[in-house]
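So this one's protein-v8.txt, compact mmCIF, C-alpha atoms:
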```txt
# COMPACT_ATOMS: atom_id res chain seq x y z
CA MET A 1 204.26 -64.00 -67.18
CA GLN A 2 201.12 -62.35 -65.85
CA HIS A 3 199.63 -63.49 -62.55
CA ARG A 4 196.19 -64.86 -63.39
CA ILE A 5 193.41 -63.78 -61.03
CA ILE A 6 189.91 -65.17 -61.59
CA VAL A 7 186.94 -63.75 -59.70
CA LEU A 8 183.83 -65.93 -59.72
CA GLY A 9 180.61 -63.94 -59.39
CA ALA A 10 179.97 -60.25 -60.01
CA GLY A 11 177.59 -59.32 -57.26
CA TYR A 12 178.54 -56.58 -54.81
CA THR A 13 181.55 -58.44 -53.45
CA GLY A 14 182.98 -59.99 -56.60
CA ALA A 15 182.68 -56.81 -58.64
CA ILE A 16 184.33 -54.76 -55.88
CA VAL A 17 187.24 -57.20 -55.61
CA ALA A 18 187.85 -57.13 -59.38
CA GLY A 19 187.73 -53.35 -59.60
CA ARG A 20 189.84 -52.78 -56.49
CA LEU A 21 192.53 -55.19 -57.68
CA ALA A 22 192.61 -53.52 -61.10
CA ARG A 23 193.35 -50.22 -59.39
CA ARG A 24 195.88 -51.70 -56.94
CA LEU A 25 198.02 -53.75 -59.32
CA HIS A 26 200.02 -52.86 -62.41
CA ARG A 27 198.11 -53.88 -65.51
CA GLU A 28 201.14 -55.48 -67.19
CA ASP A 29 201.62 -57.82 -64.25
CA VAL A 30 198.14 -59.28 -63.79
CA ALA A 31 195.31 -60.70 -65.86
CA ILE A 32 192.03 -60.21 -63.99
CA THR A 33 189.04 -62.17 -65.27
CA LEU A 34 185.56 -61.63 -63.81
CA VAL A 35 183.18 -64.51 -64.50
CA ASN A 36 179.44 -63.87 -64.28
CA ALA A 37 176.30 -65.32 -65.81
CA GLU A 38 174.70 -61.93 -66.54
CA PRO A 39 176.06 -58.89 -68.41
CA ASP A 40 174.62 -56.37 -65.94
CA PHE A 41 175.19 -55.67 -62.27
CA VAL A 42 172.18 -56.71 -60.18
CA GLU A 43 171.29 -54.50 -57.21
CA ARG A 44 170.17 -57.37 -55.04
CA VAL A 45 169.09 -55.09 -52.21
CA ARG A 46 166.40 -53.69 -54.53
CA MET A 47 164.76 -56.93 -55.67
CA HIS A 48 161.59 -56.19 -53.67
CA GLN A 49 161.29 -52.97 -55.66
CA LEU A 50 161.70 -54.80 -58.96
CA ALA A 51 159.05 -57.31 -57.88
CA VAL A 52 156.36 -54.64 -57.51
CA GLY A 53 157.00 -53.11 -60.94
CA GLN A 54 159.60 -50.44 -60.31
CA GLU A 55 162.23 -50.07 -63.00
CA LEU A 56 165.85 -50.21 -61.91
CA ARG A 57 168.69 -48.38 -63.61
CA PRO A 58 170.66 -50.72 -65.89
CA ARG A 59 174.32 -51.07 -64.93
CA PRO A 60 176.18 -52.97 -67.68
CA PHE A 61 179.57 -54.35 -66.69
CA SER A 62 180.95 -53.31 -70.08
CA GLU A 63 180.58 -49.70 -68.94
CA MET A 64 181.50 -50.23 -65.29
CA PHE A 65 184.83 -51.89 -66.12
CA ALA A 66 185.66 -50.00 -69.30
CA GLY A 67 189.34 -49.07 -69.34
CA THR A 68 190.18 -50.95 -66.13
CA GLY A 69 191.80 -53.99 -67.71
CA VAL A 70 189.25 -56.34 -66.11
CA GLU A 71 188.10 -58.95 -68.62
CA LEU A 72 184.43 -59.91 -68.25
CA ARG A 73 183.69 -63.52 -69.09
CA LEU A 74 179.96 -64.22 -69.43
CA GLY A 75 179.05 -67.77 -68.48
CA LYS A 76 177.90 -70.10 -65.75
CA VAL A 77 180.46 -71.60 -63.39
CA THR A 78 179.91 -75.36 -63.44
CA GLY A 79 182.99 -76.61 -61.63
CA VAL A 80 186.02 -75.63 -59.56
CA ASP A 81 189.10 -77.81 -59.09
CA VAL A 82 191.15 -76.14 -56.37
CA ASP A 83 193.83 -78.83 -56.46
CA ARG A 84 194.54 -78.30 -60.16
CA GLY A 85 193.84 -74.56 -60.08
CA THR A 86 191.06 -74.54 -62.67
CA VAL A 87 187.45 -73.45 -63.06
CA THR A 88 184.99 -74.63 -65.70
CA VAL A 89 182.75 -72.06 -67.35
CA LEU A 90 179.78 -72.88 -69.57
CA ASP A 91 178.59 -70.37 -72.17
CA ALA A 92 176.89 -70.43 -75.56
CA GLY A 93 180.03 -71.85 -77.11
CA GLY A 94 180.24 -74.75 -74.68
CA ALA A 95 182.35 -75.52 -71.62
CA GLU A 96 185.88 -74.18 -71.17
CA GLU A 97 188.43 -74.74 -68.45
CA LEU A 98 190.26 -71.64 -67.17
CA GLU A 99 193.48 -71.75 -65.15
CA TYR A 100 194.21 -69.41 -62.27
CA ASP A 101 197.03 -68.47 -59.93
CA THR A 102 194.67 -66.76 -57.46
CA LEU A 103 190.95 -67.47 -57.22
CA VAL A 104 188.35 -65.24 -55.57
CA TYR A 105 185.17 -67.17 -54.90
CA ALA A 106 182.20 -64.78 -54.76
CA LEU A 107 179.32 -66.89 -56.06
CA GLY A 108 177.16 -65.80 -53.15
CA SER A 109 173.84 -67.33 -52.22
CA GLY A 110 170.30 -68.01 -53.37
CA TRP A 111 167.05 -68.64 -51.62
CA ASP A 112 166.68 -71.46 -49.13
CA ASP A 113 163.39 -73.36 -49.14
CA GLN A 114 164.61 -75.21 -46.02
CA GLY A 115 163.00 -78.39 -47.30
CA VAL A 116 159.49 -77.21 -46.44
CA PRO A 117 157.02 -79.24 -48.52
CA GLY A 118 155.55 -77.35 -51.46
CA THR A 119 157.86 -74.36 -51.20
CA ALA A 120 159.91 -75.09 -54.33
CA GLU A 121 156.75 -75.76 -56.34
CA HIS A 122 154.48 -72.95 -55.15
CA ALA A 123 156.46 -70.14 -53.50
CA HIS A 124 158.25 -67.17 -55.06
CA GLU A 125 161.71 -65.91 -54.12
CA ILE A 126 163.40 -62.54 -54.50
CA ALA A 127 167.03 -63.53 -53.97
CA GLY A 128 167.82 -62.67 -57.59
CA ARG A 129 166.50 -60.83 -60.64
CA ALA A 130 164.87 -63.84 -62.29
CA GLY A 131 162.86 -64.65 -59.16
CA ALA A 132 161.85 -61.03 -58.65
CA LEU A 133 160.61 -60.79 -62.24
CA ARG A 134 158.56 -63.98 -61.88
CA LEU A 135 156.98 -62.58 -58.71
CA ARG A 136 156.31 -59.34 -60.57
CA GLU A 137 154.33 -61.21 -63.20
CA SER A 138 152.33 -63.12 -60.59
CA LEU A 139 151.47 -60.00 -58.61
CA ALA A 140 150.37 -58.20 -61.78
CA ARG A 141 147.83 -60.97 -62.45
CA LEU A 142 146.17 -60.68 -59.04
CA ASP A 143 142.77 -59.06 -58.73
CA ALA A 144 141.85 -56.70 -55.91
CA GLY A 145 141.30 -58.42 -52.56
CA GLN A 146 143.40 -61.47 -53.28
CA PRO A 147 145.76 -62.61 -50.51
CA VAL A 148 149.57 -62.43 -50.60
CA VAL A 149 151.60 -64.06 -47.83
CA VAL A 150 155.24 -63.18 -47.17
CA VAL A 151 156.93 -65.94 -45.17
CA GLY A 152 159.84 -64.80 -43.03
CA GLY A 153 160.17 -61.97 -40.54
CA GLY A 154 163.77 -60.97 -41.27
CA LEU A 155 164.94 -57.88 -43.14
CA THR A 156 164.01 -59.27 -46.57
CA GLY A 157 160.53 -60.26 -45.40
CA LEU A 158 159.85 -56.87 -43.82
CA GLU A 159 160.95 -55.04 -46.95
CA ALA A 160 158.99 -57.31 -49.28
CA ALA A 161 155.75 -57.13 -47.30
CA THR A 162 155.77 -53.36 -46.95
CA GLU A 163 156.79 -52.78 -50.58
CA ILE A 164 153.98 -55.00 -51.87
CA ALA A 165 151.39 -53.48 -49.52
CA GLU A 166 152.36 -49.94 -50.49
CA ALA A 167 152.45 -50.63 -54.24
CA ARG A 168 149.26 -52.71 -54.21
CA PRO A 169 146.97 -51.42 -51.45
CA ASP A 170 144.13 -53.35 -53.09
CA LEU A 171 145.69 -56.69 -52.08
CA ASP A 172 145.35 -58.47 -48.74
CA VAL A 173 148.99 -58.69 -47.61
CA ALA A 174 150.08 -60.81 -44.64
CA LEU A 175 153.42 -61.66 -43.03
CA ALA A 176 154.10 -64.99 -41.31
CA ALA A 177 157.02 -64.77 -38.85
CA ARG A 178 158.58 -67.63 -36.90
CA GLY A 179 159.06 -65.29 -33.91
CA GLY A 180 157.66 -61.92 -32.93
CA LEU A 181 157.52 -59.04 -35.38
CA GLY A 182 160.93 -57.36 -35.31
CA ASP A 183 161.78 -59.08 -32.04
CA TRP A 184 165.50 -58.38 -32.52
CA LEU A 185 164.94 -54.60 -32.76
CA SER A 186 164.97 -51.96 -30.05
CA PRO A 187 161.62 -51.01 -28.45
CA LYS A 188 161.55 -47.85 -30.58
CA GLY A 189 162.21 -49.90 -33.70
CA VAL A 190 159.45 -52.38 -32.90
CA ARG A 191 156.94 -49.59 -32.22
CA HIS A 192 157.69 -47.95 -35.55
CA LEU A 193 157.54 -51.25 -37.40
CA ARG A 194 154.11 -52.05 -35.96
CA LYS A 195 152.92 -48.53 -36.75
CA VAL A 196 153.93 -48.83 -40.42
CA PHE A 197 152.47 -52.33 -40.75
CA GLY A 198 149.21 -51.03 -39.29
CA LYS A 199 149.06 -48.06 -41.67
CA LEU A 200 149.66 -50.35 -44.64
CA GLY A 201 147.03 -52.84 -43.47
CA ILE A 202 149.44 -55.79 -43.27
CA THR A 203 148.18 -58.72 -41.20
CA VAL A 204 150.94 -60.17 -39.01
CA HIS A 205 151.00 -63.82 -37.93
CA GLU A 206 153.58 -64.08 -35.14
CA GLN A 207 155.06 -67.29 -33.73
CA ALA A 208 153.89 -68.85 -36.97
CA ALA A 209 156.46 -71.21 -38.47
CA VAL A 210 155.25 -72.29 -41.91
CA THR A 211 155.42 -76.06 -42.38
CA ALA A 212 153.77 -76.48 -45.79
CA VAL A 213 153.04 -74.41 -48.88
CA GLU A 214 150.22 -75.12 -51.33
CA ALA A 215 149.05 -73.28 -54.43
CA ASP A 216 146.41 -71.36 -52.50
CA ARG A 217 147.57 -71.38 -48.86
CA VAL A 218 150.31 -71.92 -46.33
CA THR A 219 150.02 -74.00 -43.19
CA THR A 220 151.73 -73.20 -39.90
CA ALA A 221 153.07 -75.52 -37.22
CA ASP A 222 149.90 -75.24 -35.13
CA GLY A 223 147.73 -76.25 -38.09
CA THR A 224 146.53 -72.77 -39.02
CA SER A 225 145.77 -72.34 -42.70
CA ILE A 226 146.51 -68.90 -44.19
CA PRO A 227 145.05 -68.17 -47.66
CA ALA A 228 147.66 -67.19 -50.26
CA ALA A 229 147.10 -66.57 -53.96
CA VAL A 230 150.84 -65.73 -54.00
CA THR A 231 153.41 -66.85 -51.45
CA VAL A 232 156.77 -65.07 -51.12
CA TRP A 233 159.45 -67.09 -49.31
CA THR A 234 162.12 -65.02 -47.50
CA THR A 235 163.29 -67.22 -44.62
CA GLY A 236 167.00 -67.11 -45.39
CA PHE A 237 169.70 -67.88 -47.92
CA ALA A 238 171.68 -70.92 -48.99
CA VAL A 239 175.18 -70.64 -50.47
CA HIS A 240 176.05 -71.79 -53.96
CA PRO A 241 176.73 -75.56 -53.82
CA ILE A 242 179.95 -75.66 -55.89
CA ALA A 243 182.35 -74.99 -52.99
CA LYS A 244 181.02 -77.94 -51.02
CA ALA A 245 181.83 -80.23 -53.96
CA THR A 246 185.53 -79.26 -53.84
CA THR A 247 188.32 -80.16 -51.41
CA LEU A 248 188.12 -76.71 -49.81
CA GLU A 249 187.46 -76.67 -46.08
CA VAL A 250 183.83 -75.61 -45.75
CA THR A 251 181.18 -75.48 -43.03
CA ASP A 252 178.16 -77.78 -42.91
CA THR A 253 176.25 -75.12 -44.86
CA GLY A 254 178.91 -74.94 -47.60
CA GLN A 255 180.57 -71.66 -46.66
CA ILE A 256 184.33 -71.56 -47.24
CA VAL A 257 186.32 -71.26 -44.01
CA VAL A 258 188.67 -68.28 -44.25
CA ASP A 259 191.15 -66.41 -42.08
CA GLY A 260 191.05 -62.69 -41.30
CA THR A 261 192.25 -61.78 -44.81
CA MET A 262 189.49 -63.86 -46.47
CA ARG A 263 192.02 -66.50 -47.50
CA SER A 264 190.95 -70.14 -47.45
CA VAL A 265 192.46 -71.95 -44.48
CA SER A 266 192.98 -75.06 -46.62
CA HIS A 267 194.02 -73.61 -50.00
CA PRO A 268 196.13 -70.42 -49.81
CA ASP A 269 195.58 -69.49 -53.46
CA VAL A 270 191.80 -69.25 -52.89
CA TYR A 271 189.92 -66.37 -51.27
CA ALA A 272 186.22 -66.24 -50.47
CA VAL A 273 184.08 -63.14 -49.90
CA GLY A 274 180.50 -62.23 -49.06
CA ASP A 275 177.90 -64.89 -48.40
CA ALA A 276 180.26 -67.60 -49.68
CA ALA A 277 182.69 -67.09 -46.79
CA ARG A 278 182.49 -68.16 -43.17
CA VAL A 279 183.83 -64.97 -41.60
CA THR A 280 184.26 -64.45 -37.87
CA GLY A 281 183.33 -61.02 -36.57
CA PRO A 282 183.29 -59.37 -33.13
CA GLY A 283 182.68 -61.77 -30.25
CA ASP A 284 183.78 -64.67 -32.50
CA LYS A 285 180.32 -64.63 -34.06
CA PRO A 286 179.98 -65.49 -37.76
CA LEU A 287 178.87 -62.55 -39.88
CA ARG A 288 175.35 -62.83 -41.24
CA MET A 289 174.73 -63.00 -44.97
CA SER A 290 174.17 -59.40 -46.04
CA CYS A 291 175.53 -56.57 -48.14
CA ALA A 292 176.67 -54.91 -44.91
CA SER A 293 178.86 -57.93 -44.17
CA GLY A 294 179.94 -58.69 -47.71
CA VAL A 295 181.35 -55.38 -48.89
CA PRO A 296 183.98 -55.10 -46.12
CA THR A 297 185.11 -58.67 -46.84
CA ALA A 298 185.63 -57.68 -50.48
CA TRP A 299 187.82 -54.74 -49.46
CA GLN A 300 189.77 -57.00 -47.11
CA ALA A 301 190.35 -59.72 -49.71
CA ALA A 302 191.39 -57.36 -52.50
CA ASP A 303 193.86 -55.52 -50.29
CA ALA A 304 195.28 -58.78 -48.92
CA ILE A 305 195.81 -60.20 -52.41
CA ALA A 306 197.49 -56.99 -53.54
CA ALA A 307 199.70 -56.95 -50.44
CA ARG A 308 200.84 -60.53 -50.86
CA LEU A 309 201.60 -60.07 -54.55
CA THR A 310 203.52 -56.84 -54.09
CA GLY A 311 205.23 -57.35 -50.74
CA GLY A 312 202.99 -54.86 -48.99
CA LYS A 313 201.36 -54.67 -45.59
CA LEU A 314 198.46 -57.02 -44.97
CA PRO A 315 195.18 -55.32 -44.05
CA ASP A 316 194.06 -55.61 -40.46
CA VAL A 317 190.69 -53.85 -40.47
CA PRO A 318 188.17 -55.21 -37.95
CA LEU A 319 184.90 -56.34 -39.50
CA ARG A 320 181.95 -54.96 -37.55
CA TYR A 321 178.39 -53.67 -37.84
CA PHE A 322 177.04 -50.16 -37.36
CA ASN A 323 173.34 -50.33 -38.23
CA GLN A 324 170.60 -52.28 -39.96
CA CYS A 325 168.92 -50.34 -42.76
CA ILE A 326 165.35 -51.37 -43.54
CA SER A 327 163.15 -49.84 -46.22
CA LEU A 328 159.43 -49.98 -45.40
CA GLY A 329 158.07 -48.99 -48.79
CA ARG A 330 159.21 -45.82 -50.58
CA ARG A 331 158.11 -43.34 -47.91
CA GLU A 332 159.04 -45.06 -44.63
CA GLY A 333 162.18 -46.62 -43.24
CA LEU A 334 163.91 -47.85 -40.12
CA ILE A 335 167.59 -47.49 -39.29
CA GLN A 336 168.36 -49.64 -36.26
CA TYR A 337 171.73 -48.82 -34.72
CA VAL A 338 173.59 -51.86 -33.41
CA THR A 339 176.68 -52.93 -31.51
CA ALA A 340 179.78 -54.16 -33.32
CA ASP A 341 178.42 -57.71 -33.12
CA ASP A 342 174.98 -56.74 -34.51
CA ARG A 343 172.86 -56.41 -31.34
CA ALA A 344 170.28 -53.62 -31.30
CA VAL A 345 170.86 -50.58 -29.09
CA ARG A 346 168.17 -48.09 -28.00
CA ALA A 347 168.84 -45.60 -30.78
CA ALA A 348 166.92 -45.86 -34.04
CA LEU A 349 166.08 -43.50 -36.90
CA THR A 350 162.55 -43.77 -38.28
CA GLY A 351 160.15 -42.30 -40.81
CA ARG A 352 160.86 -40.37 -43.98
CA LEU A 353 164.41 -39.47 -42.95
CA ALA A 354 165.18 -43.16 -42.47
CA ALA A 355 163.78 -43.90 -45.94
CA VAL A 356 166.10 -41.28 -47.45
CA TYR A 357 169.02 -42.72 -45.46
CA LYS A 358 168.33 -46.23 -46.78
CA GLU A 359 168.06 -44.96 -50.34
CA LEU A 360 171.43 -43.25 -50.02
CA VAL A 361 172.91 -46.50 -48.67
CA CYS A 362 171.58 -48.44 -51.68
CA LYS A 363 172.87 -45.86 -54.15
CA GLY A 364 176.19 -45.73 -52.35
CA ALA A 365 176.61 -49.50 -52.48
CA ALA A 366 176.06 -49.58 -56.24
CA TRP A 367 178.31 -46.56 -56.77
CA GLY A 368 181.02 -48.19 -54.70
CA VAL A 369 181.04 -51.22 -56.99
CA ALA A 370 181.95 -49.05 -59.97
CA ASN A 371 184.29 -46.80 -57.96
CA PRO A 372 186.11 -49.08 -55.51
CA LEU A 373 188.96 -46.71 -54.68
CA ILE A 374 187.49 -43.22 -55.12
CA GLY A 375 188.57 -41.05 -52.21
CA MET A 376 191.55 -43.27 -51.41
CA PRO A 377 195.18 -42.83 -52.45
CA THR A 378 195.68 -45.12 -55.43
CA ARG A 379 198.97 -46.39 -56.76
CA ARG A 380 199.31 -49.39 -59.00
CA ARG A 381 202.14 -51.51 -57.66
CA ARG A 382 204.29 -54.03 -59.45
CA VAL A 383 203.84 -57.70 -58.71
CA LEU A 384 206.85 -59.53 -57.32
CA ARG A 385 208.13 -62.46 -59.34
CA GLU A 386 207.43 -64.65 -56.35
CA PRO A 387 204.46 -63.73 -54.13
CA ALA A 388 205.48 -62.25 -50.80
CA PRO A 389 205.13 -64.40 -47.68
CA ALA A 390 202.05 -63.89 -45.53
CA GLY A 391 203.98 -61.92 -42.93
CA ALA A 392 205.25 -59.22 -45.32
CA ARG A 393 205.02 -55.84 -43.61
CA SER A 394 206.18 -53.04 -45.93
CA ALA A 395 203.68 -50.26 -46.68
CA VAL A 396 200.97 -50.47 -49.32
CA GLY A 397 199.89 -47.33 -51.15
```
Exercise: express the given structure as structure tokens:
Amino acid sequence: MQHRIIVLGAGYTGAIVAGRLARRLHREDVAITLVNAEPDFVERVRMHQLAVGQELRPRPFSEMFAGTGVELRLGKVTGVDVDRGTVTVLDAGGAEELEYDTLVYALGSGWDDQGVPGTAEHAHEIAGRAGALRLRESLARLDAGQPVVVVGGGLTGLEAATEIAEARPDLDVALAARGGLGDWLSPKGVRHLRKVFGKLGITVHEQAAVTAVEADRVTTADGTSIPAAVTVWTTGFAVHPIAKATTLEVTDTGQIVVDGTMRSVSHPDVYAVGDAARVTGPGDKPLRMSCASGVPTAWQAADAIAARLTGGKLPDVPLRYFNQCISLGRREGLIQYVTADDRAVRAALTGRLAAVYKELVCKGAAWGVANPLIGMPTRRRRVLREPAPAGARSAVG
């Protein structure tokens, strides 16, 4: 009987896990099902580009997983029962319950309005394709001189503000940041960021926590009113709520608590990757929600599952950071080098070369989804009749 592996979510992490497992395990021994609501891979790190009218290359899963043995199941995940080992998927034909032996939870995250009044009603988000396309339509309707406010001074906010200002220099673009502009960057990084914002004519409101959003303005904690024909909300992400409704051990924010192999600490047949997982990195600090964090967790989970099923050696690769890659429009960029636990160091790459670097990173991430084991020795191994114990230590190819 085949070992049934279900992967929920086909973003960067879920798609990588499915493809890596298909290349690690013998096809006769496993049935790998990838559940996703959309038929195409979404390059989430490019949603700010989509929002300003740029066309992104379509990446259908039917092509990406052709010949791999991965079965794509299009539908929305509406429920997970980790005690019975089932997931419920809703599609055009109705709801169906699927059984699994191993579950990989990769449903990721969406935008977080943080309960700020008016945000859900009046603000746009770019955490996914649907939100980016809605913002695209709203921006296209704006006349010259109208104000756009991007709320949030993190990586997503910086990229959104600069992309909009570059694509639409006729608009009055502003950024509202809770702290200082790029205050986590090195001095060189901050100088370059301010230089680019100045060249693009972006108004920066620092120490400006937004406490209310209306159709034509945002209001900050000190009572300042900032005009906004369009508001873009980028203050952070919230994980998919399904995990919190299960008996899995989760954090207060709904992330699944996992060990170093991305295995649930409460349910050993469940793994969580990417934004859905509470992963501890260097210095016992939780990894931030990002592609840079998520992809290594996908590698770790896939290799751990393969090892446990085949009696191989469990992976023991430390999860760490190397840099933060920020696009500042199509012609400028900032690569901030960081310590293993994500603290900025003095070194930073800026300008056109940094923009090229970031573009290569984006292309590489998408390519890696479709080619999860290129450049690595690949050997499909047979699954043991009974999964190997966690301490198995023979070699994995």
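Distance check against Gln146 of chain A using all atoms listed in the file: of A:Asp172, A:Asp91, A:Glu63, A:Glu71, the minimum falls on A:Asp172.
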Radius query 6 Å about (189.3, -56.5, -45.5), atoms used: all atoms listed in the file, as a ChimeraX atom specification: /A:296-297,299-301,317
Write a file of the just-selected residues containing C-alpha atoms, as a PDB file, keeping the file's coordinate frame.
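Everything below was put into again-v5.pdb:
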```pdb
ATOM      1  CA  PRO A 296     183.980 -55.100 -46.120  1.00  0.00           C
ATOM      2  CA  THR A 297     185.110 -58.670 -46.840  1.00  0.00           C
ATOM      3  CA  TRP A 299     187.820 -54.740 -49.460  1.00  0.00           C
ATOM      4  CA  GLN A 300     189.770 -57.000 -47.110  1.00  0.00           C
ATOM      5  CA  ALA A 301     190.350 -59.720 -49.710  1.00  0.00           C
ATOM      6  CA  VAL A 317     190.690 -53.850 -40.470  1.00  0.00           C
TER       7      VAL A 317
END
```
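The spacing separating atom CA of Thr13 of chain A from atom CA of Leu360 of chain A amounts to 18.6 Å.
If you measure from each of A:Ala228, A:Ala51, A:Ala245, A:Val383 to Glu159 of chain A using only C-alpha atoms, the closest one turns out to be A:Ala51.
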For Gln324 of chain A, find every residue with an atom within 12 Å (counting only C-alpha atoms), except residues of its own chain fewer than 6 positions away, and show them as JSON, numbers by chain. {"A": [154, 155, 156, 182, 184, 185, 186, 189, 288, 290, 291, 292, 293, 333, 334, 335, 336, 337, 338, 339, 340, 341, 342, 343, 344, 345, 347, 348, 349, 350, 354, 357, 358, 361]}
Residues near Gln255 of chain A, anyone? I mean within 7 Å using only C-alpha atoms, not counting same-chain ones fewer than 6 positions away, as an NGL selection string. :A and (239 or 276-278)
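Atom CA of Glu137 of chain A is found 18.7 Å from atom CA of Val42 of chain A.
If you look at atom CA of Ala209 of chain A and atom CA of Glu125 of chain A, they are 17.3 Å away from each other.
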What's around Thr88 of chain A at 7 Å? Count only C-alpha atoms, leave out sequence neighbours fewer than 2 positions away in its own chain, and write the answer as an NGL selection string. :A and (77-80 or 86 or 90 or 95-98)
Excluding Met47 of chain A and any residue of its chain fewer than 2 positions from it, enumerate the residues within 10 Å of it, using only C-alpha atoms, and give them as a ChimeraX atom specification. /A:42-45,49-52,54,56,125-133,156,159-160
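Every protein or nucleic acid residue with an atom no more than 8 Å from Glu214 of chain A, counting only C-alpha atoms and leaving out same-chain residues fewer than 5 positions away, appears here: Gly118, Thr119 and His122 of chain A.
Checking A:Leu74, A:Ala18, A:Val190, A:Val196 one by one against Ile305 of chain A, counting only C-alpha atoms, you find the shortest gap at A:Ala18.
Within 7 Å of the file-frame point (176.0, -54.7, -58.0), and using only C-alpha atoms, the polymer residues found are Gly11, Tyr12, Phe41, Val42, Glu43, Ala366 and Val369 of chain A.
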Restricting the calculation to all atoms listed in the file, which member of A:Gly311, A:Pro147, A:Pro268, A:Pro39 is positioned closest to Thr231 of chain A? A:Pro147
Output file: segment 273-289 of chain A, N, CA and C atoms, as an mmCIF file, in the first residue's frame:
```cif
data_model
loop_
_atom_site.group_PDB
_atom_site.id
_atom_site.type_symbol
_atom_site.label_atom_id
_atom_site.label_comp_id
_atom_site.auth_asym_id
_atom_site.auth_seq_id
_atom_site.Cartn_x
_atom_site.Cartn_y
_atom_site.Cartn_z
ATOM 1 N N VAL A 273 5.746 24.090 7.285
ATOM 2 C CA VAL A 273 6.857 24.807 6.658
ATOM 3 C C VAL A 273 6.448 26.243 6.356
ATOM 4 N N GLY A 274 7.465 27.091 6.160
ATOM 5 C CA GLY A 274 7.213 28.474 5.777
ATOM 6 C C GLY A 274 6.552 29.277 6.876
ATOM 7 N N ASP A 275 5.713 30.215 6.471
ATOM 8 C CA ASP A 275 5.062 31.111 7.420
ATOM 9 C C ASP A 275 4.191 30.374 8.421
ATOM 10 N N ALA A 276 3.726 29.177 8.057
ATOM 11 C CA ALA A 276 2.819 28.419 8.930
ATOM 12 C C ALA A 276 3.517 27.818 10.134
ATOM 13 N N ALA A 277 4.853 27.776 10.113
ATOM 14 C CA ALA A 277 5.605 27.101 11.162
ATOM 15 C C ALA A 277 6.280 28.079 12.105
ATOM 16 N N ARG A 278 6.314 27.728 13.375
ATOM 17 C CA ARG A 278 7.079 28.489 14.357
ATOM 18 C C ARG A 278 8.440 27.809 14.450
ATOM 19 N N VAL A 279 9.413 28.402 13.742
ATOM 20 C CA VAL A 279 10.735 27.799 13.608
ATOM 21 C C VAL A 279 11.743 28.624 14.395
ATOM 22 N N THR A 280 12.560 27.961 15.179
ATOM 23 C CA THR A 280 13.592 28.644 15.946
ATOM 24 C C THR A 280 14.896 28.655 15.156
ATOM 25 N N GLY A 281 15.466 29.848 15.013
ATOM 26 C CA GLY A 281 16.724 29.999 14.303
ATOM 27 C C GLY A 281 17.863 30.306 15.250
ATOM 28 N N PRO A 282 18.953 30.876 14.723
ATOM 29 C CA PRO A 282 20.102 31.213 15.562
ATOM 30 C C PRO A 282 19.714 32.125 16.721
ATOM 31 N N GLY A 283 20.341 31.899 17.878
ATOM 32 C CA GLY A 283 20.031 32.711 19.050
ATOM 33 C C GLY A 283 18.669 32.411 19.635
ATOM 34 N N ASP A 284 18.076 31.261 19.251
ATOM 35 C CA ASP A 284 16.733 30.884 19.718
ATOM 36 C C ASP A 284 15.682 31.923 19.355
ATOM 37 N N LYS A 285 15.922 32.644 18.267
ATOM 38 C CA LYS A 285 14.952 33.623 17.787
ATOM 39 C C LYS A 285 14.061 32.982 16.728
ATOM 40 N N PRO A 286 12.751 33.243 16.765
ATOM 41 C CA PRO A 286 11.887 32.702 15.712
ATOM 42 C C PRO A 286 12.209 33.343 14.374
ATOM 43 N N LEU A 287 12.193 32.542 13.315
ATOM 44 C CA LEU A 287 12.436 33.077 11.985
ATOM 45 C C LEU A 287 11.274 33.959 11.562
ATOM 46 N N ARG A 288 11.587 35.043 10.868
ATOM 47 C CA ARG A 288 10.528 35.932 10.395
ATOM 48 C C ARG A 288 9.842 35.320 9.173
ATOM 49 N N MET A 289 8.616 35.751 8.929
ATOM 50 C CA MET A 289 7.883 35.265 7.772
ATOM 51 C C MET A 289 8.507 35.869 6.514
#
```
